[in-house]
Every structure is written in C-alpha cells, then in structure tokens.
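K.L.:
What follows is final07.pdb; its format and atoms are PDB, C-alpha atoms.
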ATOM      1  CA  MET A  76       0.000   0.000   0.000
ATOM      2  CA  ILE A  77       1.101   3.556  -0.702
ATOM      3  CA  ALA A  78      -0.368   6.700   0.855
ATOM      4  CA  CYS A  79      -0.932   9.852  -1.157
ATOM      5  CA  GLU A  80       1.303  12.555   0.309
ATOM      6  CA  TYR A  81      -1.370  15.186  -0.419
ATOM      7  CA  CYS A  82      -4.586  13.623   0.929
ATOM      8  CA  ASP A  83      -3.397  10.401   2.692
ATOM      9  CA  LEU A  84      -5.664   8.113   0.639
ATOM     10  CA  LEU A  85      -4.250   4.570   0.502
ATOM     11  CA  HIS A  86      -3.673   2.886  -2.885
ATOM     12  CA  ARG A  87      -2.348  -0.493  -3.882
ATOM     13  CA  GLU A  88       1.008  -0.102  -5.579
ATOM     14  CA  ARG A  89       0.976  -1.585  -9.066
ATOM     15  CA  GLU A  90       3.807  -2.351 -11.420
ATOM     16  CA  LEU A  91       4.357   0.445 -13.941
ATOM     17  CA  ALA A  92       6.181   0.446 -17.238
ATOM     18  CA  HIS A  93       9.118   2.854 -17.591
ATOM     19  CA  GLY A  94       7.887   6.384 -18.140
ATOM     20  CA  GLN A  95       4.460   5.797 -16.586
ATOM     21  CA  LYS A  96       3.096   7.638 -13.546
ATOM     22  CA  ALA A  97       0.486   6.701 -10.952
ATOM     23  CA  TYR A  98      -1.874   9.391  -9.676
ATOM     24  CA  CYS A  99      -4.159   9.555  -6.645
ATOM     25  CA  SER A 100      -7.769   8.699  -7.514
ATOM     26  CA  ALA A 101      -9.096  11.282  -5.030
ATOM     27  CA  CYS A 102      -6.952  14.412  -5.468
ATOM     28  CA  GLY A 103      -4.927  13.654  -8.604
ATOM     29  CA  GLY A 104      -1.568  14.045  -6.855
ATOM     30  CA  LEU A 105       1.424  12.115  -8.158
ATOM     31  CA  LEU A 106       1.892   8.886  -6.175
ATOM     32  CA  TYR A 107       4.944   7.371  -7.868
ATOM     33  CA  ARG A 108       6.550   6.966 -11.268
ATOM     34  CA  ARG A 109       9.043   4.773 -13.033
ATOM     35  CA  VAL A 110      12.005   6.360 -14.790
ATOM     36  CA  GLU A 111      14.129   4.228 -17.091
ATOM     37  CA  ASN A 112      17.710   3.830 -15.748
ATOM     38  CA  SER A 113      16.802   6.127 -12.870
ATOM     39  CA  LEU A 114      19.801   5.370 -10.667
ATOM     40  CA  GLU A 115      22.343   5.629 -13.473
ATOM     41  CA  ARG A 116      20.879   8.912 -14.753
ATOM     42  CA  THR A 117      20.630  10.420 -11.287
ATOM     43  CA  LEU A 118      24.232   9.509 -10.482
ATOM     44  CA  ALA A 119      25.503  10.929 -13.783
ATOM     45  CA  PHE A 120      23.627  14.207 -13.288
ATOM     46  CA  ALA A 121      24.689  14.432  -9.619
ATOM     47  CA  ILE A 122      28.385  13.926 -10.444
ATOM     48  CA  ALA A 123      28.150  16.475 -13.278
ATOM     49  CA  ALA A 124      26.443  18.936 -10.923
ATOM     50  CA  LEU A 125      29.147  18.367  -8.285
ATOM     51  CA  VAL A 126      31.915  19.136 -10.799
ATOM     52  CA  LEU A 127      30.020  22.242 -11.945
ATOM     53  CA  PHE A 128      29.506  23.200  -8.278
ATOM     54  CA  MET A 129      33.275  23.172  -7.748
ATOM     55  CA  VAL A 130      33.867  25.273 -10.884
ATOM     56  CA  ALA A 131      31.097  27.729  -9.914
ATOM     57  CA  ASN A 132      32.485  28.217  -6.419
ATOM     58  CA  LEU A 133      36.194  28.313  -7.255
ATOM     59  CA  SER A 134      36.009  30.473 -10.385
ATOM     60  CA  THR A 135      35.254  34.155 -10.807
ATOM     61  CA  PHE A 136      31.498  34.651 -10.867
ATOM     62  CA  MET A 137      31.283  38.264 -12.005
ATOM     63  CA  LEU A 138      33.515  41.198 -12.969
ATOM     64  CA  PHE A 139      32.443  44.582 -11.645
ATOM     65  CA  SER A 140      34.016  47.598 -13.339
ATOM     66  CA  LEU A 141      33.425  51.197 -12.232
ATOM     67  CA  GLU A 142      35.518  54.243 -13.164
ATOM     68  CA  GLY A 143      38.514  52.150 -14.146
ATOM     69  CA  ARG A 144      38.425  49.957 -11.041
ATOM     70  CA  VAL A 145      37.832  46.275 -11.773
ATOM     71  CA  GLN A 146      36.753  43.877  -9.046
ATOM     72  CA  GLU A 147      36.466  40.100  -9.394
ATOM     73  CA  ASN A 148      33.770  38.421  -7.327
ATOM     74  CA  THR A 149      33.092  34.817  -6.413
ATOM     75  CA  ILE A 150      30.002  33.439  -4.727
ATOM     76  CA  PHE A 151      31.823  33.247  -1.406
ATOM     77  CA  SER A 152      33.260  36.768  -1.719
ATOM     78  CA  GLY A 153      29.652  37.988  -1.942
ATOM     79  CA  VAL A 154      28.886  36.180   1.315
ATOM     80  CA  GLU A 155      32.024  37.690   2.904
ATOM     81  CA  GLY A 156      31.012  41.173   1.705
ATOM     82  CA  LEU A 157      27.569  40.853   3.267
ATOM     83  CA  TRP A 158      29.099  39.607   6.524
ATOM     84  CA  ALA A 159      31.612  42.484   6.634
ATOM     85  CA  GLY A 160      28.832  44.958   5.797
ATOM     86  CA  GLY A 161      26.861  43.974   8.893
ATOM     87  CA  ALA A 162      24.275  41.729   7.195
ATOM     88  CA  GLN A 163      25.321  38.538   8.970
ATOM     89  CA  ALA A 164      21.887  36.908   8.862
ATOM     90  CA  LEU A 165      21.606  37.471   5.100
ATOM     91  CA  ALA A 166      25.186  36.250   4.591
ATOM     92  CA  LEU A 167      24.419  33.030   6.481
ATOM     93  CA  LEU A 168      21.190  32.509   4.543
ATOM     94  CA  ILE A 169      22.879  32.975   1.161
ATOM     95  CA  CYS A 170      25.795  30.764   2.200
ATOM     96  CA  PHE A 171      23.418  28.008   3.288
ATOM     97  CA  THR A 172      21.040  28.177   0.299
ATOM     98  CA  THR A 173      23.665  28.575  -2.451
ATOM     99  CA  ILE A 174      26.659  26.644  -1.105
ATOM    100  CA  VAL A 175      25.880  24.332   1.826
ATOM    101  CA  ALA A 176      22.427  22.966   0.862
ATOM    102  CA  PRO A 177      23.284  22.178  -2.793
ATOM    103  CA  LEU A 178      26.553  20.529  -1.752
ATOM    104  CA  LEU A 179      24.872  18.400   0.933
ATOM    105  CA  SER A 180      22.109  17.422  -1.499
ATOM    106  CA  LEU A 181      24.586  16.316  -4.190
ATOM    107  CA  LEU A 182      26.858  14.448  -1.772
ATOM    108  CA  THR A 183      23.878  12.636  -0.236
ATOM    109  CA  MET A 184      22.593  11.593  -3.679
ATOM    110  CA  ILE A 185      26.015  10.241  -4.620
ATOM    111  CA  TYR A 186      26.408   8.552  -1.202
ATOM    112  CA  THR A 187      23.050   6.819  -1.651
ATOM    113  CA  ILE A 188      23.165   5.790  -5.304
ATOM    114  CA  LEU A 189      26.822   4.949  -6.020
ATOM    115  CA  PRO A 190      27.018   2.028  -3.530
ATOM    116  CA  LEU A 191      23.688   0.659  -4.798
ATOM    117  CA  LEU A 192      25.020   0.591  -8.364
ATOM    118  CA  LEU A 193      28.186  -1.114  -7.099
ATOM    119  CA  GLY A 194      26.128  -3.783  -5.332
ATOM    120  CA  ALA A 195      26.258  -2.573  -1.720
ATOM    121  CA  ARG A 196      23.680  -1.060   0.605
ATOM    122  CA  PRO A 197      24.882   2.213   2.150
ATOM    123  CA  PRO A 198      24.283   2.569   5.908
ATOM    124  CA  GLY A 199      21.389   4.875   6.789
ATOM    125  CA  VAL A 200      19.844   4.833   3.321
ATOM    126  CA  ALA A 201      16.336   5.601   4.628
ATOM    127  CA  GLY A 202      17.565   8.700   6.445
ATOM    128  CA  ALA A 203      19.586   9.738   3.409
ATOM    129  CA  MET A 204      16.522   9.506   1.145
ATOM    130  CA  ARG A 205      14.489  11.609   3.601
ATOM    131  CA  PHE A 206      17.340  14.109   3.792
ATOM    132  CA  ILE A 207      17.470  14.439  -0.013
ATOM    133  CA  GLY A 208      13.765  15.274  -0.029
ATOM    134  CA  SER A 209      14.009  17.825   2.757
ATOM    135  CA  ILE A 210      17.275  19.603   1.842
ATOM    136  CA  GLY A 211      16.135  20.165  -1.747
ATOM    137  CA  THR A 212      13.690  22.841  -0.627
ATOM    138  CA  TRP A 213      16.588  24.828   0.858
ATOM    139  CA  ALA A 214      18.797  24.750  -2.246
ATOM    140  CA  MET A 215      17.370  27.975  -3.659
ATOM    141  CA  LEU A 216      19.701  28.324  -6.609
ATOM    142  CA  ASP A 217      17.026  29.793  -8.868
ATOM    143  CA  VAL A 218      16.279  32.567  -6.357
ATOM    144  CA  PHE A 219      19.985  33.387  -6.140
ATOM    145  CA  MET A 220      20.275  33.526  -9.935
ATOM    146  CA  LEU A 221      17.226  35.794 -10.122
ATOM    147  CA  ALA A 222      18.856  38.136  -7.587
ATOM    148  CA  VAL A 223      22.025  38.187  -9.724
ATOM    149  CA  LEU A 224      20.014  39.086 -12.831
ATOM    150  CA  VAL A 225      18.212  41.881 -10.961
ATOM    151  CA  ALA A 226      21.588  43.219  -9.772
ATOM    152  CA  ILE A 227      22.946  43.141 -13.328
ATOM    153  CA  VAL A 228      19.967  45.127 -14.612
ATOM    154  CA  LYS A 229      20.044  47.662 -11.750
ATOM    155  CA  LEU A 230      23.812  48.135 -11.571
ATOM    156  CA  GLY A 231      24.302  47.841 -15.329
ATOM    157  CA  MET A 232      23.320  51.508 -15.698
ATOM    158  CA  MET A 233      26.070  52.684 -13.320
ATOM    159  CA  ALA A 234      28.872  50.181 -13.902
ATOM    160  CA  ARG A 235      29.923  47.414 -16.248
ATOM    161  CA  LEU A 236      29.069  43.912 -15.032
ATOM    162  CA  GLU A 237      30.227  40.782 -16.815
ATOM    163  CA  LEU A 238      29.280  37.225 -15.955
ATOM    164  CA  GLN A 239      32.309  34.968 -15.878
ATOM    165  CA  VAL A 240      32.985  31.204 -15.927
ATOM    166  CA  GLY A 241      31.641  30.751 -12.393
ATOM    167  CA  ALA A 242      28.243  32.190 -13.349
ATOM    168  CA  TRP A 243      27.870  29.979 -16.408
ATOM    169  CA  ALA A 244      28.962  26.933 -14.383
ATOM    170  CA  PHE A 245      26.372  27.916 -11.758
ATOM    171  CA  VAL A 246      23.599  28.000 -14.388
ATOM    172  CA  ALA A 247      24.724  24.619 -15.759
ATOM    173  CA  MET A 248      24.814  23.250 -12.194
ATOM    174  CA  MET A 249      21.213  24.390 -11.654
ATOM    175  CA  VAL A 250      20.164  22.471 -14.773
ATOM    176  CA  ALA A 251      22.126  19.355 -13.747
ATOM    177  CA  MET A 252      20.691  19.426 -10.204
ATOM    178  CA  THR A 253      17.164  19.790 -11.547
ATOM    179  CA  ALA A 254      17.770  16.854 -13.910
ATOM    180  CA  ALA A 255      19.190  14.755 -11.047
ATOM    181  CA  GLY A 256      16.188  15.502  -8.845
ATOM    182  CA  SER A 257      13.660  14.748 -11.567
ATOM    183  CA  SER A 258      15.337  11.487 -12.598
ATOM    184  CA  LEU A 259      15.589  10.177  -9.018
ATOM    185  CA  ASP A 260      12.973   7.447  -8.598
ATOM    186  CA  SER A 261      12.732   6.452  -4.947
ATOM    187  CA  GLY A 262      10.936   3.258  -5.993
ATOM    188  CA  ALA A 263      14.031   2.230  -7.965
ATOM    189  CA  VAL A 264      16.193   2.851  -4.894
ATOM    190  CA  TRP A 265      14.045   0.588  -2.695
ATOM    191  CA  ALA A 266      13.779  -2.034  -5.444
ATOM    192  CA  ARG A 267      17.583  -2.152  -5.707
ATOM    193  CA  ILE A 268      17.879  -2.468  -1.912
ATOM    194  CA  GLU A 269      15.438  -5.405  -1.948
ATOM    195  CA  GLU A 270      17.518  -7.074  -4.691
ATOM    196  CA  LEU A 271      20.635  -6.744  -2.535
ATOM    197  CA  GLU A 272      19.057  -8.297   0.576
TER
END
Please go through the file and, once you have read it, give me the structure as structure tokens.

P.N.:
Amino acid sequence: MIACEYCDLLHRERELAHGQKAYCSACGGLLYRRVENSLERTLAFAIAALVLFMVANLSTFMLFSLEGRVQENTIFSGVEGLWAGGAQALALLICFTTIVAPLLSLLTMIYTILPLLLGARPPGVAGAMRFIGSIGTWAMLDVFMLAVLVAIVKLGMMARLELQVGAWAFVAMMVAMTAAGSSLDSGAVWARIEELE
C-alpha cells in the first residue's frame, strides 16, 4: 500500500512500465513513477552537478568595473562582503542556500546511489533519502540567480558587469541538479535495496 502525500488516501502499488506515472484517484496528486535507468541517470547528473559546483564556487562569478576599477567576485566573496557589511543573517542565509544545501544534497545523492550501483547497501539509506527530499527545498539556486540578474539590470546603468565562468557553471549546475532531482525514482532505490538483501 502507498499513501498519497497530499490527501493520505491509501492505494495499492501496481507495477508500472518505464515512463508511466500513478496518480491519486481522489486528489490527482502524483503517487509514484518509473524512470528508465533512474539510478544511473541520477548519479551521472549528480556527479556532473558536483563538478560544476566546484567550478562555480572556485572560479570568478562576475567582474564589476566602475571608473577604471575592476573587481572580481566569487560566490563566497559575496557572502564575505555581506558579513563584513553587517548583514550577517543574510550572509548566512545565502551561504546556506547557495553553497551548503546544494553541496549536501549532491553528496547525499552520490552517497546513496553509487554504492547501490556497485552492489552494496549504504548505511542509513532511509535517512539519506528523507534528507534528499528535505534539503532540496533549501537549495534555492534559482532565487539566487534571479537576484544576480536583478543586480545586473540595476547596476548595469552605473557600472559594467560581466558574468564569468563561475556564473555559467552555476547556471549549468542548476540544470544538472534539476535533472538529477527529476530522474531520481525512490521506488528504484528501494527495489535495488530489496535485490541486494
């Protein structure tokens, strides 16, 4: 039996073909789905996102040029600037939502899926799957990117702003993380665990 996460109605879980989805008969909410090669796809996207995460955080994100002065900025230098400017709460929030939460989400996905594909059950897999679901809501990369675009438009009239390698890697990381999250089929994870037991 599977409970609808929206209305709690119980349904009998049925076998689905790859690409099919099961919906709640009462509220129409998505119950579960089957994605072909879910674990392999999720791992590939998660590893790609992790590499892009490293590039985005270690490379220059933006060049700011005003009256002949050029300043290179990274994601973390923005957090440091907010902290030094007295906005510690905002600095912590941006650090958590753009650096810590995405990194924890990616590492947990890789920790969960890689051992399963190698034929081993990782310790604490149930907690890891719950953590992936809960930490994803805190990885607000799209909100951060929207704030960057607003800053470019507003400051673009006073100074010259150029997005650098870090910004493009950040956008690519957002796409890869979204693809990893959408290809992750929790049913495939539990099915692989049952095969290993």

K.L.:
Can you turn the PyMOL selection byres ((chain A and resi 193) around 12) into a concrete residue list for this file, as a ChimeraX atom specification?

P.N.:
/A:114-115,118,185-192,194-197,267-268,271

K.L.:
Go through A:Thr135, A:Val225, A:His93, A:Trp243 one by one, measure the shortest atom-to-atom distance of each to Asn112 (chain A) using all atoms listed in the file, and give the residue with the smallest value.

P.N.:
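Checking each candidate against Asn112 (chain A), we get A:His93 as the closest.
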
K.L.:
When you look at Leu91 (chain A) with a cut-off of 10 Å (counting all atoms listed in the file), what residues show up, excluding the ones that are within fewer than 6 positions of it in the same chain? I need them as a compact mmCIF listing (two decimals) with C-alpha atoms, in the frame of the given file.

P.N.:
# COMPACT_ATOMS: atom_id res chain seq x y z
CA ALA A 97 0.49 6.70 -10.95
CA TYR A 107 4.94 7.37 -7.87
CA ARG A 108 6.55 6.97 -11.27
CA ARG A 109 9.04 4.77 -13.03
CA VAL A 110 12.00 6.36 -14.79

K.L.:
With all atoms listed in the file as the basis for distance, which of A:Ala121, A:Asp260, A:Gln239, A:Ser100 is at the shortest distance from Leu182 (chain A)?

P.N.:
A:Ala121

K.L.:
Using all atoms listed in the file, determine which residues lie at most 10 Å from Ala123 (chain A), disregarding the query and same-chain residues fewer than 6 positions distant; provide the list as a VMD selection string.

P.N.:
chain A and resid 117 181 247 to 248 251 to 252 255

K.L.:
Given the file shown, determine the residues that the PyMOL selection byres ((chain A and resi 76) around 9) selects; report them as number ranges by chain.

P.N.:
A: 77-78, 85-88

K.L.:
The residues within 12 Å of (26.9, 29.1, 3.4), using all atoms listed in the file and the coordinates of the file, should be reported as a list in words; which are they?

P.N.:
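Applying the cut-off with all atoms listed in the file, one gets Asn132, Ile150, Phe151, Ser152, Gly153, Val154, Glu155, Leu157, Trp158, Gln163, Ala164, Leu165, Ala166, Leu167, Leu168, Ile169, Cys170, Phe171, Thr172, Thr173, Ile174, Val175, Ala176, Pro177, Leu178, Leu179, Trp213, Ala214 and Met215 of chain A.
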
K.L.:
Give me, as a tab-separated table (two decimals) with C-alpha atoms, in the coordinates of the input, all polymer residues having an atom no more than 12 Å from Gly143 (chain A), counting only C-alpha atoms and skipping those fewer than 3 positions away in the same chain.

P.N.:
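Saved to around-v4.tsv:
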chain	number	residue	atom	x	y	z
A	139	PHE	CA	32.44	44.58	-11.64
A	140	SER	CA	34.02	47.60	-13.34
A	146	GLN	CA	36.75	43.88	-9.05
A	234	ALA	CA	28.87	50.18	-13.90
A	235	ARG	CA	29.92	47.41	-16.25

K.L.:
I need the residue nearest Gly94 (chain A) from this list: A:Glu111, A:Gly161, A:Val264, A:Thr149. Use only C-alpha atoms for the distance.

P.N.:
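Result for the nearest residue to Gly94 (chain A): A:Glu111.
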
K.L.:
Report, in Å with one decimal, the straight-line distance from CA of Glu147 (chain A) to CA of Glu237 (chain A).

P.N.:
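So the two atoms, CA of Glu147 (chain A) and CA of Glu237 (chain A), lie 9.7 Å apart.
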
K.L.:
Using only C-alpha atoms for the distances, tell me which of A:Leu259, A:Met220, A:Met249, A:Ala201 is nearest to Val126 (chain A).

P.N.:
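The answer is A:Met249, which sits nearest to Val126 (chain A).
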
K.L.:
Which residue out of A:Val250, A:Phe120, A:Ala242, A:Ser180 has the minimum interatomic distance to Ser209 (chain A) when all atoms listed in the file are used?

P.N.:
A:Ser180

K.L.:
Please build the interface table for region 137-247 of chain A against region 127-130 of chain A with a cut-off of 7 Å, listing for each qualifying residue the nearest atom pair and the distance in Å to one decimal; count all atoms listed in the file, order rows by chain and increasing number, and write it as JSON lines.

P.N.:
{"residue": "A:Gly241", "atom": "CA", "partner": "A:Val130", "partner_atom": "CA", "distance": 6.1}
{"residue": "A:Ala244", "atom": "CA", "partner": "A:Leu127", "partner_atom": "CA", "distance": 5.4}
{"residue": "A:Phe245", "atom": "CA", "partner": "A:Phe128", "partner_atom": "CA", "distance": 6.6}
{"residue": "A:Ala247", "atom": "CA", "partner": "A:Leu127", "partner_atom": "CA", "distance": 6.9}

K.L.:
Calculate how many Å separate CA of Ala119 (chain A) from CA of Ala263 (chain A), rounding to one decimal.

P.N.:
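Interatomic distance, CA of Ala119 (chain A) to CA of Ala263 (chain A): 15.5 Å.
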
K.L.:
Counting all atoms listed in the file, note down every residue that has an atom within 12 Å of the point (-3.6, 12.2, 1.8) (file coordinates), as a ChimeraX atom specification.

P.N.:
/A:77-86,98-106

K.L.:
Just the number, please: distance in Å from CA of Ala124 (chain A) to CA of Gly202 (chain A), one decimal.

P.N.:
22.0 Å

K.L.:
Between A:Val240, A:Arg116, A:Glu269, A:Thr212, which residue has the minimum interatomic distance to Leu138 (chain A), considering all atoms listed in the file?

P.N.:
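Nearest candidate to Leu138 (chain A) out of A:Val240, A:Arg116, A:Glu269, A:Thr212: A:Val240.
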
K.L.:
Take region 77-101 of chain A, bring it up to N, CA and C atoms, and give me the output as a CSV table (one decimal), in the coordinates of the input.

P.N.:
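This went into selection_6.csv:
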chain,number,residue,atom,x,y,z
A,77,ILE,N,0.4,2.3,-0.7
A,77,ILE,CA,1.1,3.6,-0.7
A,77,ILE,C,0.1,4.7,-0.4
A,78,ALA,N,0.5,5.6,0.5
A,78,ALA,CA,-0.4,6.7,0.9
A,78,ALA,C,-0.1,7.9,0.0
A,79,CYS,N,-1.1,8.6,-0.4
A,79,CYS,CA,-0.9,9.9,-1.2
A,79,CYS,C,-0.4,10.9,-0.2
A,80,GLU,N,0.7,11.6,-0.6
A,80,GLU,CA,1.3,12.6,0.3
A,80,GLU,C,0.5,13.8,0.4
A,81,TYR,N,-0.5,14.0,-0.4
A,81,TYR,CA,-1.4,15.2,-0.4
A,81,TYR,C,-2.7,15.0,0.4
A,82,CYS,N,-3.3,13.8,0.2
A,82,CYS,CA,-4.6,13.6,0.9
A,82,CYS,C,-4.6,12.4,1.8
A,83,ASP,N,-3.5,11.6,1.8
A,83,ASP,CA,-3.4,10.4,2.7
A,83,ASP,C,-4.3,9.2,2.3
A,84,LEU,N,-4.9,9.3,1.1
A,84,LEU,CA,-5.7,8.1,0.6
A,84,LEU,C,-4.7,7.0,0.3
A,85,LEU,N,-5.1,5.7,0.8
A,85,LEU,CA,-4.2,4.6,0.5
A,85,LEU,C,-4.6,4.0,-0.9
A,86,HIS,N,-3.5,3.5,-1.6
A,86,HIS,CA,-3.7,2.9,-2.9
A,86,HIS,C,-2.8,1.6,-2.9
A,87,ARG,N,-3.2,0.7,-3.7
A,87,ARG,CA,-2.3,-0.5,-3.9
A,87,ARG,C,-1.3,-0.1,-4.9
A,88,GLU,N,0.0,-0.4,-4.6
A,88,GLU,CA,1.0,-0.1,-5.6
A,88,GLU,C,1.0,-1.2,-6.7
A,89,ARG,N,1.0,-0.7,-7.9
A,89,ARG,CA,1.0,-1.6,-9.1
A,89,ARG,C,2.3,-1.4,-9.9
A,90,GLU,N,2.6,-2.4,-10.6
A,90,GLU,CA,3.8,-2.4,-11.4
A,90,GLU,C,3.5,-1.4,-12.6
A,91,LEU,N,4.5,-0.5,-12.8
A,91,LEU,CA,4.4,0.4,-13.9
A,91,LEU,C,5.4,0.2,-15.0
A,92,ALA,N,5.2,0.5,-16.2
A,92,ALA,CA,6.2,0.4,-17.2
A,92,ALA,C,7.0,1.7,-17.1
A,93,HIS,N,8.3,1.7,-17.7
A,93,HIS,CA,9.1,2.9,-17.6
A,93,HIS,C,8.4,4.0,-18.3
A,94,GLY,N,8.5,5.2,-17.6
A,94,GLY,CA,7.9,6.4,-18.1
A,94,GLY,C,6.5,6.6,-17.7
A,95,GLN,N,5.8,5.6,-17.1
A,95,GLN,CA,4.5,5.8,-16.6
A,95,GLN,C,4.4,6.4,-15.2
A,96,LYS,N,3.3,7.0,-14.9
A,96,LYS,CA,3.1,7.6,-13.5
A,96,LYS,C,1.8,7.2,-13.0
A,97,ALA,N,1.7,7.1,-11.7
A,97,ALA,CA,0.5,6.7,-11.0
A,97,ALA,C,0.0,7.9,-10.2
A,98,TYR,N,-1.3,8.2,-10.3
A,98,TYR,CA,-1.9,9.4,-9.7
A,98,TYR,C,-2.9,9.0,-8.7
A,99,CYS,N,-3.1,9.8,-7.7
A,99,CYS,CA,-4.2,9.6,-6.6
A,99,CYS,C,-5.5,9.7,-7.3
A,100,SER,N,-6.4,8.7,-6.9
A,100,SER,CA,-7.8,8.7,-7.5
A,100,SER,C,-8.7,9.8,-6.9
A,101,ALA,N,-8.3,10.3,-5.7
A,101,ALA,CA,-9.1,11.3,-5.0
A,101,ALA,C,-8.7,12.7,-5.4
